[in-house]
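Asks: Input file: query_9.cif. Contents: mmCIF, C-alpha atoms.
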```cif
data_input
loop_
_atom_site.label_atom_id
_atom_site.label_comp_id
_atom_site.auth_asym_id
_atom_site.auth_seq_id
_atom_site.Cartn_x
_atom_site.Cartn_y
_atom_site.Cartn_z
CA MET A 149 77.18 -7.52 18.27
CA GLY A 150 73.95 -9.27 18.95
CA HIS A 151 74.53 -12.05 21.41
CA ILE A 152 71.57 -13.04 23.53
CA ALA A 153 71.73 -15.24 26.62
CA ILE A 154 68.51 -16.33 28.29
CA GLU A 155 68.64 -18.30 31.51
CA ASN A 156 65.74 -19.79 33.43
CA LEU A 157 63.42 -17.16 32.10
CA SER A 158 59.82 -17.39 33.28
CA LYS A 159 56.79 -15.23 32.78
CA THR A 160 53.60 -15.38 34.80
CA TYR A 161 50.45 -13.41 34.24
CA ILE A 162 47.95 -12.88 37.00
CA ASN A 163 44.39 -13.28 35.92
CA ARG A 164 42.57 -10.92 38.28
CA ARG A 165 39.09 -11.19 36.87
CA ARG A 166 38.77 -14.92 37.02
CA ARG A 167 37.21 -15.22 40.45
CA SER A 168 34.85 -13.04 42.42
CA ARG A 169 36.20 -11.55 45.63
CA ASP A 170 36.77 -14.05 48.33
CA LYS A 171 37.08 -12.41 51.74
CA GLU A 172 37.84 -15.56 53.70
CA ASN A 173 40.82 -16.46 51.65
CA PRO A 174 42.75 -13.34 50.76
CA LEU A 175 45.43 -15.23 48.91
CA GLN A 176 42.87 -16.28 46.35
CA GLN A 177 41.92 -12.68 45.75
CA LYS A 178 45.03 -12.05 43.77
CA GLY A 179 43.62 -14.22 41.07
CA GLU A 180 44.75 -17.20 39.18
CA ARG A 181 48.34 -17.24 38.06
CA VAL A 182 48.97 -18.30 34.52
CA THR A 183 52.54 -19.30 33.83
CA VAL A 184 53.20 -18.68 30.18
CA LEU A 185 56.89 -19.29 29.94
CA LYS A 186 58.81 -21.51 32.29
CA ASP A 187 62.54 -22.02 32.57
CA ILE A 188 63.52 -20.98 29.10
CA ASP A 189 67.23 -21.45 28.46
CA LEU A 190 68.48 -20.21 25.17
CA GLU A 191 71.63 -18.81 23.74
CA ILE A 192 71.63 -16.99 20.45
CA ASN A 193 74.87 -16.15 18.74
CA ASP A 194 75.74 -12.98 16.96
CA GLY A 195 74.46 -12.90 13.40
CA GLU A 196 72.18 -15.91 13.73
CA MET A 197 68.76 -16.13 12.16
CA VAL A 198 66.56 -17.95 14.64
CA CYS A 199 63.00 -18.96 13.82
CA PHE A 200 60.53 -19.62 16.62
CA LEU A 201 57.72 -22.07 15.99
CA GLY A 202 54.94 -23.21 18.22
CA PRO A 203 51.19 -23.62 18.53
CA SER A 204 49.24 -20.41 18.78
CA GLY A 205 49.01 -18.92 22.23
CA CYS A 206 52.12 -20.72 23.45
CA GLY A 207 54.03 -17.56 24.26
CA LYS A 208 56.22 -17.04 21.21
CA SER A 209 55.27 -13.41 20.95
CA THR A 210 55.59 -12.94 24.69
CA LEU A 211 59.13 -14.27 24.57
CA LEU A 212 60.01 -11.85 21.79
CA ARG A 213 58.39 -8.95 23.60
CA ILE A 214 60.45 -9.76 26.68
CA ILE A 215 63.61 -9.86 24.58
CA ALA A 216 62.64 -6.53 23.03
CA GLY A 217 62.17 -5.08 26.51
CA PHE A 218 58.48 -4.25 26.19
CA GLU A 219 57.60 -6.53 29.06
CA PRO A 220 59.67 -7.53 32.07
CA ALA A 221 60.41 -11.16 32.76
CA CYS A 222 59.20 -12.47 36.10
CA ASP A 223 62.13 -14.67 36.80
CA GLY A 224 65.47 -15.59 35.35
CA SER A 225 67.94 -13.49 33.45
CA LEU A 226 68.10 -12.08 29.98
CA ARG A 227 71.31 -10.54 28.76
CA ILE A 228 72.07 -8.97 25.44
CA ASN A 229 75.80 -8.64 24.84
CA GLY A 230 76.32 -9.32 28.53
CA GLN A 231 74.08 -6.46 29.65
CA PRO A 232 70.73 -7.09 31.29
CA VAL A 233 67.80 -5.73 29.30
CA LYS A 234 66.15 -2.80 31.05
CA GLY A 235 63.66 -1.67 28.46
CA PRO A 236 63.12 -1.01 24.78
CA SER A 237 66.07 0.44 22.96
CA ALA A 238 67.20 1.18 19.45
CA ASP A 239 69.68 -1.70 19.66
CA HIS A 240 66.90 -4.23 19.28
CA ILE A 241 64.21 -3.14 16.90
CA PHE A 242 60.86 -4.89 16.83
CA VAL A 243 58.99 -5.32 13.56
CA PHE A 244 55.32 -5.64 14.38
CA GLN A 245 52.84 -8.22 13.23
CA TYR A 246 50.51 -5.52 11.96
CA SER A 247 51.88 -2.37 10.55
CA GLY A 248 53.74 -0.30 13.10
CA LEU A 249 54.41 2.47 10.60
CA PHE A 250 53.12 5.84 11.74
CA PRO A 251 50.20 6.49 9.39
CA TRP A 252 50.59 10.28 9.67
CA MET A 253 54.09 10.20 8.23
CA THR A 254 55.24 9.46 4.72
CA VAL A 255 57.51 6.51 4.03
CA ALA A 256 60.53 8.82 4.01
CA GLU A 257 59.54 10.42 7.31
CA ASN A 258 59.02 7.02 8.87
CA VAL A 259 62.44 5.85 7.75
CA ALA A 260 63.89 9.14 9.01
CA LEU A 261 62.81 8.18 12.55
CA GLY A 262 65.79 5.89 12.71
CA LEU A 263 68.17 8.51 11.37
CA ARG A 264 67.36 11.40 13.69
CA HIS A 265 70.88 11.44 15.07
CA LEU A 266 72.22 12.70 11.73
CA LYS A 267 72.21 16.47 11.97
CA ASN A 268 73.40 17.03 8.42
CA ARG A 269 70.18 17.17 6.41
CA ARG A 270 71.69 16.25 3.07
CA GLN A 271 73.44 13.25 4.52
CA GLN A 272 70.22 12.21 6.23
CA GLN A 273 68.25 12.49 2.99
CA ALA A 274 70.85 10.43 1.14
CA GLN A 275 70.67 7.70 3.77
CA ILE A 276 66.87 7.66 3.73
CA LEU A 277 66.89 7.16 -0.03
CA GLU A 278 69.48 4.44 0.30
CA PHE A 279 67.34 2.43 2.70
CA ILE A 280 64.19 2.98 0.67
CA ASP A 281 66.13 1.83 -2.37
CA MET A 282 67.23 -1.28 -0.48
CA VAL A 283 63.63 -2.46 -0.11
CA GLU A 284 62.79 -1.37 -3.67
CA LEU A 285 60.31 1.29 -2.72
CA ASN A 286 61.88 4.09 -4.74
CA GLY A 287 59.23 6.38 -6.08
CA PHE A 288 57.08 5.87 -3.01
CA GLU A 289 59.09 8.04 -0.59
CA ASN A 290 56.33 10.61 -0.29
CA HIS A 291 53.44 8.18 -0.08
CA TYR A 292 51.58 7.60 3.13
CA PRO A 293 51.34 4.04 4.46
CA ARG A 294 47.62 3.85 3.63
CA GLN A 295 48.48 4.42 -0.02
CA LEU A 296 50.72 1.34 -0.13
CA SER A 297 49.81 -2.32 -0.42
CA GLY A 298 50.30 -4.68 2.52
CA GLY A 299 53.57 -6.03 1.17
CA MET A 300 54.94 -2.58 0.51
CA GLN A 301 54.05 -1.51 4.05
CA ARG A 302 56.01 -4.46 5.42
CA ARG A 303 58.96 -3.54 3.24
CA ALA A 304 58.79 0.07 4.41
CA GLU A 305 58.79 -1.12 7.99
CA LEU A 306 61.81 -3.29 7.28
CA ALA A 307 63.57 -0.26 5.83
CA ARG A 308 62.75 1.73 8.94
CA ALA A 309 64.12 -1.01 11.17
CA LEU A 310 67.28 -1.36 9.08
CA ALA A 311 67.88 2.40 9.15
CA VAL A 312 68.47 2.29 12.90
CA ASN A 313 71.28 -0.20 12.33
CA PRO A 314 70.22 -2.34 15.29
CA ASP A 315 72.22 -5.24 16.69
CA ILE A 316 69.13 -7.40 16.73
CA MET A 317 66.00 -7.39 14.63
CA ILE A 318 62.94 -9.01 16.12
CA MET A 319 60.11 -9.88 13.77
CA ASP A 320 56.72 -11.03 14.93
CA GLU A 321 55.07 -12.90 12.09
CA PRO A 322 56.38 -10.56 9.42
CA PHE A 323 54.62 -12.40 6.60
CA SER A 324 51.17 -12.91 8.03
CA GLY A 325 48.39 -11.51 5.93
CA LEU A 326 50.41 -11.35 2.74
CA ASP A 327 49.41 -13.13 -0.44
CA PHE A 328 51.40 -16.18 -1.51
CA LEU A 329 53.67 -14.49 -4.04
CA THR A 330 54.43 -11.50 -1.83
CA HIS A 331 55.09 -13.89 1.01
CA MET A 332 57.65 -15.81 -1.08
CA LYS A 333 59.32 -12.62 -2.28
CA MET A 334 59.50 -11.13 1.20
CA ARG A 335 60.97 -14.35 2.52
CA GLU A 336 63.65 -14.26 -0.12
CA GLU A 337 64.34 -10.61 0.59
CA VAL A 338 64.70 -11.18 4.32
CA VAL A 339 67.08 -14.09 3.75
CA ASN A 340 69.16 -12.04 1.33
CA MET A 341 69.16 -9.10 3.68
CA HIS A 342 70.30 -11.29 6.51
CA ALA A 343 73.13 -12.67 4.41
CA PHE A 344 74.06 -9.09 3.53
CA ILE A 345 73.91 -7.28 6.86
CA LYS A 346 74.65 -10.27 9.12
CA LYS A 347 72.60 -9.06 12.07
CA THR A 348 70.97 -11.29 14.62
CA MET A 349 67.40 -11.87 13.55
CA LEU A 350 64.65 -13.43 15.62
CA LEU A 351 61.55 -14.41 13.75
CA VAL A 352 58.28 -15.78 14.99
CA THR A 353 56.24 -17.68 12.46
CA HIS A 354 53.42 -20.17 12.17
CA ASN A 355 54.70 -21.39 8.89
CA ILE A 356 56.91 -24.46 9.31
CA ASP A 357 58.26 -24.18 5.77
CA ASP A 358 59.32 -20.58 6.39
CA ALA A 359 61.18 -21.57 9.52
CA LEU A 360 62.99 -24.48 7.89
CA ILE A 361 63.91 -22.59 4.74
CA MET A 362 65.02 -19.40 6.41
CA GLY A 363 66.45 -20.24 9.79
CA ASP A 364 70.00 -20.96 10.85
CA ARG A 365 68.24 -22.51 13.78
CA VAL A 366 64.68 -23.44 14.68
CA VAL A 367 63.41 -23.27 18.19
CA ILE A 368 60.09 -24.96 18.84
CA LEU A 369 58.20 -23.87 21.91
CA GLY A 370 55.57 -26.13 23.34
CA GLY A 371 53.88 -27.55 26.38
CA ARG A 372 52.01 -25.71 29.07
CA PRO A 373 53.65 -23.83 30.67
CA THR A 374 55.78 -23.36 27.63
CA GLY A 375 59.29 -24.66 27.47
CA ILE A 376 61.65 -25.33 24.62
CA ALA A 377 60.59 -28.50 22.87
CA MET A 378 63.26 -28.50 20.20
CA ASN A 379 66.32 -26.41 19.50
CA ARG A 380 67.99 -27.43 16.33
CA GLN A 381 70.74 -26.06 14.17
CA LEU A 382 70.06 -26.15 10.43
CA ASP A 383 73.24 -26.48 8.42
CA PHE A 384 71.68 -26.92 5.03
CA PRO A 385 73.15 -24.96 2.14
CA ARG A 386 71.12 -22.12 0.65
CA PRO A 387 69.05 -21.78 -1.40
CA ARG A 388 67.22 -24.59 0.31
CA SER A 389 64.47 -26.74 -1.04
CA PHE A 390 62.75 -29.79 0.33
CA GLU A 391 63.31 -31.75 -2.86
CA LYS A 392 67.07 -31.27 -2.81
CA ALA A 393 67.57 -32.05 0.85
CA PRO A 394 65.71 -35.19 1.90
CA GLU A 395 66.88 -34.70 5.46
CA LEU A 396 65.18 -31.33 5.58
CA SER A 397 62.05 -32.96 4.30
CA ARG A 398 62.23 -35.58 7.04
CA LEU A 399 62.75 -32.87 9.62
CA ARG A 400 59.69 -31.13 8.27
CA ASP A 401 57.60 -34.23 8.87
CA ASP A 402 58.98 -34.45 12.40
CA VAL A 403 58.10 -30.86 13.11
CA PHE A 404 54.60 -31.31 11.76
CA LEU A 405 54.16 -34.32 14.02
CA MET A 406 55.55 -32.42 16.97
CA LEU A 407 53.08 -29.59 16.47
CA GLY A 408 50.19 -32.00 16.36
CA VAL A 409 49.61 -32.55 12.65
CA ASN A 410 49.90 -36.23 11.98
CA TYR A 411 50.44 -36.09 8.28
CA ALA A 412 52.34 -33.42 6.41
CA ILE A 413 50.39 -32.41 3.38
CA MET B 230 45.43 8.88 24.77
CA ASP B 231 43.55 5.63 25.29
CA GLY B 232 42.33 5.65 21.70
CA ILE B 233 45.83 5.54 20.28
CA ASN B 234 47.04 2.16 19.10
CA PRO B 235 49.47 0.95 21.83
CA THR B 236 51.75 -0.39 19.11
CA TYR B 237 52.74 3.18 18.29
CA PHE B 238 53.95 3.73 21.85
CA HIS B 239 56.05 0.60 21.58
CA VAL B 240 57.51 1.92 18.35
CA ALA B 241 58.24 5.25 20.05
CA ALA B 242 60.03 3.50 22.91
CA ASN B 243 61.89 1.35 20.43
CA PHE B 244 63.16 4.40 18.56
CA ASN B 245 64.25 6.15 21.77
CA PHE B 246 61.74 9.00 21.56
CA SER B 247 62.22 11.75 24.12
CA PRO B 248 59.09 12.77 26.07
CA PHE B 249 58.87 15.88 23.87
CA GLU B 250 59.07 13.83 20.68
CA ARG B 251 56.48 11.45 22.03
CA VAL B 252 54.03 14.34 22.23
CA THR B 253 54.91 16.12 18.98
CA ARG B 254 55.48 13.11 16.77
CA LEU B 255 53.03 10.63 18.21
CA VAL B 256 50.25 11.92 20.45
CA LEU B 257 49.43 15.16 18.62
CA PRO B 258 49.37 13.74 15.08
CA ALA B 259 47.42 10.76 16.33
CA ILE B 260 44.61 12.82 17.81
CA ILE B 261 44.35 15.58 15.18
CA PRO B 262 41.75 13.75 13.03
CA GLU B 263 39.48 13.29 16.02
CA ILE B 264 39.93 16.89 17.11
CA VAL B 265 38.98 18.14 13.66
CA THR B 266 35.89 15.92 13.52
CA ALA B 267 34.82 17.02 16.96
CA LEU B 268 35.36 20.67 16.05
CA ARG B 269 33.28 20.32 12.93
CA MET B 270 30.37 18.96 14.89
CA THR B 271 30.52 21.44 17.73
CA VAL B 272 31.44 24.70 16.01
CA THR B 273 28.16 24.99 14.08
CA ILE B 274 26.13 24.08 17.13
CA SER B 275 27.93 26.61 19.25
CA TRP B 276 27.26 29.28 16.59
CA LEU B 277 23.54 28.59 16.87
CA VAL B 278 23.71 28.73 20.64
CA VAL B 279 25.53 32.07 20.52
CA VAL B 280 22.84 33.63 18.32
CA ALA B 281 20.06 32.23 20.47
CA ALA B 282 21.74 33.51 23.61
CA GLU B 283 22.04 36.97 22.07
CA MET B 284 18.28 37.07 21.72
CA ILE B 285 17.80 36.55 25.42
CA ALA B 286 20.71 37.86 27.36
CA VAL B 287 22.52 40.82 25.85
CA ARG B 288 21.65 44.08 24.15
CA SER B 289 23.87 43.73 21.10
CA GLY B 290 24.72 41.19 18.39
CA LEU B 291 22.86 39.50 15.56
CA GLY B 292 20.29 37.74 17.69
CA PHE B 293 19.42 40.96 19.44
CA LEU B 294 19.25 42.75 16.06
CA ILE B 295 16.61 40.32 14.83
CA LEU B 296 14.58 40.54 17.99
CA ASP B 297 14.84 44.33 18.18
CA SER B 298 13.93 44.82 14.51
CA ARG B 299 10.93 42.54 14.90
CA ASN B 300 9.73 44.68 17.75
CA ALA B 301 10.26 47.75 15.57
CA LEU B 302 8.48 46.02 12.65
CA ARG B 303 11.58 46.34 10.43
CA MET B 304 11.28 43.04 8.54
CA ASP B 305 14.12 43.96 6.16
CA PHE B 306 16.56 43.99 9.11
CA VAL B 307 15.15 40.68 10.33
CA MET B 308 15.83 39.17 6.90
CA ASP B 309 19.34 40.67 6.82
CA GLY B 310 20.06 39.20 10.21
CA MET B 311 18.89 35.75 9.11
CA ILE B 312 20.99 35.85 5.95
CA VAL B 313 24.12 36.94 7.80
CA ILE B 314 23.64 34.24 10.44
CA GLY B 315 23.27 31.65 7.71
CA LEU B 316 26.32 32.85 5.80
CA VAL B 317 28.53 32.91 8.88
CA GLY B 318 27.35 29.41 9.76
CA LEU B 319 28.14 28.19 6.26
CA ALA B 320 31.56 29.83 6.34
CA LEU B 321 32.37 28.19 9.67
CA ASP B 322 31.36 24.81 8.30
CA ARG B 323 33.46 25.34 5.18
CA LEU B 324 36.42 26.29 7.32
CA MET B 325 36.09 23.16 9.42
CA ARG B 326 35.71 21.00 6.34
CA GLY B 327 38.85 22.63 4.93
CA LEU B 328 40.69 21.70 8.10
CA GLY B 329 39.57 18.12 7.59
CA GLU B 330 41.05 18.07 4.11
CA LEU B 331 44.53 18.94 5.39
CA GLU B 332 46.95 16.03 5.13
CA GLY B 333 47.52 15.88 8.87
CA ALA B 334 43.85 15.18 9.50
CA ARG B 335 43.33 12.72 6.68
CA TRP B 336 45.50 9.79 7.67
CA SER B 337 42.84 8.01 9.66
CA ARG B 338 40.36 7.97 6.80
CA MET B 339 40.31 5.47 3.96
CA ARG B 340 42.27 2.38 4.70
CA HIS B 341 42.33 1.37 1.03
#
```
Go ahead and express the file in the form of structure tokens.
Replies:
Amino acid sequence: MGHIAIENLSKTYINRRRRSRDKENPLQQKGERVTVLKDIDLEINDGEMVCFLGPSGCGKSTLLRIIAGFEPACDGSLRINGQPVKGPSADHIFVFQYSGLFPWMTVAENVALGLRHLKNRRQQQAQILEFIDMVELNGFENHYPRQLSGGMQRRAELARALAVNPDIMIMDEPFSGLDFLTHMKMREEVVNMHAFIKKTMLLVTHNIDDALIMGDRVVILGGRPTGIAMNRQLDFPRPRSFEKAPELSRLRDDVFLMLGVNYAI
Amino acid sequence: MDGINPTYFHVAANFNFSPFERVTRLVLPAIIPEIVTALRMTVTISWLVVVAAEMIAVRSGLGFLILDSRNALRMDFVMDGMIVIGLVGLALDRLMRGLGELEGARWSRMRH
């Protein structure tokens, strides 16, 4: 189960260094308040793949980090499966923008982090190999992350996240910094994986095409402080392409316009 | 602790690490390369300081041997002392370099 309900969620940062100390007005001393997220209402159903889009610095990552439990929300409620989120947990695994693999562990040891509850060593080994096989990294079990290419590191991290069997997978720009072909392949793999395991997946991206091709839903964040500018279900059949679905193509133009690009190239 | 990438602590929290695991699987492996580098720089220096201190302070040891033999005009002992000091220093450096070659200390080097 991976149902997420967000109500009136807000996040404010206090910028303490902005002003010098002001003794006459102690309220000012606390610094300028920067509201990043304001009144976010969002409901995400179990098994949905939701893509978040928005201009850079709008708080997409912050929202995901709050959902993951790394940061507390200032206001509003966030419930996963009806339970308020108290902190990070293995039920919602975060896949980091830059490699979060432990560089002092081999791929197999990294994947084993999610399988520590299995006391039977042989069973654990079998499972590790299964997950490494799933991301097509067989033969690289005993390599260290630095010995792998960027794309392979991402795949290893995916394997590690999958091994925990989380209810929700949260990915912060999982394809940034990959070359075009690897990007396309990873995208395909993530979509296939989602179709296979049917977990809730939240994905932040800058790439509008990624969001429209992959997502069951796109959520566009925008404005300052950030609110939800668009929340749209995508019911197009897969595999999707812009040529085959003119409506998708039109939507793409709309999204480009919404994010401030006047002509879609 | 401050030098460790905060992402790794998030990962640890995400994977429900116990406080013990956080130390053994995250903090210790993360700082080993720096410890080894620091050791390599300081061990040879401290060896030199030990020998020099022996010349001044105590009435035994290699430094004292050199000083005492010089006073007794036994240049062969002075040479012996110098050679032994050099060899021990070299051995210490080798040892530290060997530590640096261990897999646990190598992860931070060579990002492609």
Asks: Pull out every residue of chain A sitting within 8 Å of chain B, counting all atoms listed in the file, and send them as a ChimeraX atom specification.
Replies: /A:218,236-238,240-242,244,248-252,261-262,292,294-295
Asks: What separation in Å, quoted to one decimal, exists between CA of Pro314 (chain A) and CA of Met378 (chain A)?
Replies: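 So the answer is 27.5 Å.
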Asks: Within 12 Å of Ile316 (chain A), counting only C-alpha atoms, which residues qualify if same-chain residues fewer than 2 places away don't, as a VMD selection string?
Replies: (chain A and resid 149 to 152 192 to 198 212 215 to 216 228 to 229 236 to 243 309 to 310 312 to 314 318 to 319 342 345 to 351) or (chain B and resid 243)
Asks: If you count all atoms listed in the file, which residues fall within 8 Å of Arg269 (chain B), apart from same-chain ones fewer than 6 positions away, as a compact mmCIF listing (two decimals) with C-alpha atoms, keeping the file's coordinate frame?
Replies:
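Written file, selection.txt:
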```txt
# COMPACT_ATOMS: atom_id res chain seq x y z
CA ASP B 322 31.36 24.81 8.30
CA MET B 325 36.09 23.16 9.42
CA ARG B 326 35.71 21.00 6.34
```
Asks: Taking all atoms listed in the file into account, name the residue in B:Val307, B:Ile233, B:Ile295, B:Leu321 that is nearest to Trp276 (chain B).
Replies: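 Closest candidate: B:Leu321.
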Asks: Starting from the shown file, work through the PyMOL selection byres ((chain A and resi 366) around 8) and note down what comes out as a list in words.
Replies: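 That expression, the PyMOL selection byres ((chain A and resi 366) around 8), corresponds here to Val198, Cys199, Phe200, Leu201, Ala359, Leu360, Gly363, Asp364, Arg365, Val367, Ile368, Met378, Asn379, Arg380, Gln381 and Leu382 of chain A.
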Asks: With N, CA and C atoms as the target, complete region 236-263 of chain B and hand it back as a PDB file, in the coordinates of the input.
Replies:
```
ATOM      1  N   THR B 236      50.571  -0.037  19.901  1.00  0.00           N
ATOM      2  CA  THR B 236      51.750  -0.390  19.110  1.00  0.00           C
ATOM      3  C   THR B 236      52.623   0.842  18.858  1.00  0.00           C
ATOM      4  N   TYR B 237      51.963   1.982  18.620  1.00  0.00           N
ATOM      5  CA  TYR B 237      52.740   3.180  18.290  1.00  0.00           C
ATOM      6  C   TYR B 237      53.611   3.619  19.466  1.00  0.00           C
ATOM      7  N   PHE B 238      53.130   3.380  20.693  1.00  0.00           N
ATOM      8  CA  PHE B 238      53.950   3.730  21.850  1.00  0.00           C
ATOM      9  C   PHE B 238      55.146   2.796  21.963  1.00  0.00           C
ATOM     10  N   HIS B 239      54.930   1.528  21.598  1.00  0.00           N
ATOM     11  CA  HIS B 239      56.050   0.600  21.580  1.00  0.00           C
ATOM     12  C   HIS B 239      57.084   1.041  20.550  1.00  0.00           C
ATOM     13  N   VAL B 240      56.584   1.448  19.386  1.00  0.00           N
ATOM     14  CA  VAL B 240      57.510   1.920  18.350  1.00  0.00           C
ATOM     15  C   VAL B 240      58.290   3.120  18.874  1.00  0.00           C
ATOM     16  N   ALA B 241      57.592   4.046  19.533  1.00  0.00           N
ATOM     17  CA  ALA B 241      58.240   5.250  20.050  1.00  0.00           C
ATOM     18  C   ALA B 241      59.335   4.874  21.050  1.00  0.00           C
ATOM     19  N   ALA B 242      59.027   3.928  21.928  1.00  0.00           N
ATOM     20  CA  ALA B 242      60.030   3.500  22.910  1.00  0.00           C
ATOM     21  C   ALA B 242      61.196   2.838  22.205  1.00  0.00           C
ATOM     22  N   ASN B 243      60.872   2.072  21.172  1.00  0.00           N
ATOM     23  CA  ASN B 243      61.890   1.350  20.430  1.00  0.00           C
ATOM     24  C   ASN B 243      62.854   2.301  19.716  1.00  0.00           C
ATOM     25  N   PHE B 244      62.326   3.438  19.283  1.00  0.00           N
ATOM     26  CA  PHE B 244      63.160   4.400  18.560  1.00  0.00           C
ATOM     27  C   PHE B 244      63.701   5.492  19.480  1.00  0.00           C
ATOM     28  N   ASN B 245      63.674   5.222  20.783  1.00  0.00           N
ATOM     29  CA  ASN B 245      64.250   6.150  21.770  1.00  0.00           C
ATOM     30  C   ASN B 245      63.669   7.556  21.677  1.00  0.00           C
ATOM     31  N   PHE B 246      62.361   7.666  21.580  1.00  0.00           N
ATOM     32  CA  PHE B 246      61.740   9.000  21.560  1.00  0.00           C
ATOM     33  C   PHE B 246      61.944   9.673  22.910  1.00  0.00           C
ATOM     34  N   SER B 247      62.212  10.981  22.871  1.00  0.00           N
ATOM     35  CA  SER B 247      62.220  11.750  24.120  1.00  0.00           C
ATOM     36  C   SER B 247      60.756  12.059  24.460  1.00  0.00           C
ATOM     37  N   PRO B 248      60.492  12.449  25.723  1.00  0.00           N
ATOM     38  CA  PRO B 248      59.090  12.770  26.070  1.00  0.00           C
ATOM     39  C   PRO B 248      58.512  13.844  25.150  1.00  0.00           C
ATOM     40  N   PHE B 249      59.344  14.822  24.766  1.00  0.00           N
ATOM     41  CA  PHE B 249      58.870  15.880  23.870  1.00  0.00           C
ATOM     42  C   PHE B 249      58.488  15.307  22.508  1.00  0.00           C
ATOM     43  N   GLU B 250      59.352  14.437  21.985  1.00  0.00           N
ATOM     44  CA  GLU B 250      59.070  13.830  20.680  1.00  0.00           C
ATOM     45  C   GLU B 250      57.832  12.953  20.745  1.00  0.00           C
ATOM     46  N   ARG B 251      57.639  12.324  21.908  1.00  0.00           N
ATOM     47  CA  ARG B 251      56.480  11.450  22.030  1.00  0.00           C
ATOM     48  C   ARG B 251      55.193  12.264  21.868  1.00  0.00           C
ATOM     49  N   VAL B 252      55.210  13.491  22.375  1.00  0.00           N
ATOM     50  CA  VAL B 252      54.030  14.340  22.230  1.00  0.00           C
ATOM     51  C   VAL B 252      53.923  14.879  20.804  1.00  0.00           C
ATOM     52  N   THR B 253      55.015  15.435  20.275  1.00  0.00           N
ATOM     53  CA  THR B 253      54.910  16.120  18.980  1.00  0.00           C
ATOM     54  C   THR B 253      54.819  15.155  17.809  1.00  0.00           C
ATOM     55  N   ARG B 254      55.457  14.007  17.911  1.00  0.00           N
ATOM     56  CA  ARG B 254      55.480  13.110  16.770  1.00  0.00           C
ATOM     57  C   ARG B 254      54.476  11.977  16.863  1.00  0.00           C
ATOM     58  N   LEU B 255      53.941  11.762  18.058  1.00  0.00           N
ATOM     59  CA  LEU B 255      53.030  10.630  18.210  1.00  0.00           C
ATOM     60  C   LEU B 255      51.641  11.070  18.692  1.00  0.00           C
ATOM     61  N   VAL B 256      51.577  11.654  19.870  1.00  0.00           N
ATOM     62  CA  VAL B 256      50.250  11.920  20.450  1.00  0.00           C
ATOM     63  C   VAL B 256      49.498  12.966  19.642  1.00  0.00           C
ATOM     64  N   LEU B 257      50.142  14.112  19.355  1.00  0.00           N
ATOM     65  CA  LEU B 257      49.430  15.160  18.620  1.00  0.00           C
ATOM     66  C   LEU B 257      48.965  14.705  17.245  1.00  0.00           C
ATOM     67  N   PRO B 258      49.857  14.187  16.398  1.00  0.00           N
ATOM     68  CA  PRO B 258      49.370  13.740  15.080  1.00  0.00           C
ATOM     69  C   PRO B 258      48.293  12.674  15.185  1.00  0.00           C
ATOM     70  N   ALA B 259      48.384  11.845  16.218  1.00  0.00           N
ATOM     71  CA  ALA B 259      47.420  10.760  16.330  1.00  0.00           C
ATOM     72  C   ALA B 259      46.030  11.262  16.665  1.00  0.00           C
ATOM     73  N   ILE B 260      45.944  12.375  17.389  1.00  0.00           N
ATOM     74  CA  ILE B 260      44.610  12.820  17.810  1.00  0.00           C
ATOM     75  C   ILE B 260      44.034  13.911  16.920  1.00  0.00           C
ATOM     76  N   ILE B 261      44.845  14.477  16.017  1.00  0.00           N
ATOM     77  CA  ILE B 261      44.350  15.580  15.180  1.00  0.00           C
ATOM     78  C   ILE B 261      43.074  15.220  14.411  1.00  0.00           C
ATOM     79  N   PRO B 262      42.989  14.050  13.763  1.00  0.00           N
ATOM     80  CA  PRO B 262      41.750  13.750  13.030  1.00  0.00           C
ATOM     81  C   PRO B 262      40.510  13.794  13.925  1.00  0.00           C
ATOM     82  N   GLU B 263      40.637  13.289  15.128  1.00  0.00           N
ATOM     83  CA  GLU B 263      39.480  13.290  16.020  1.00  0.00           C
ATOM     84  C   GLU B 263      39.139  14.698  16.464  1.00  0.00           C
TER      85      GLU B 263
END
```
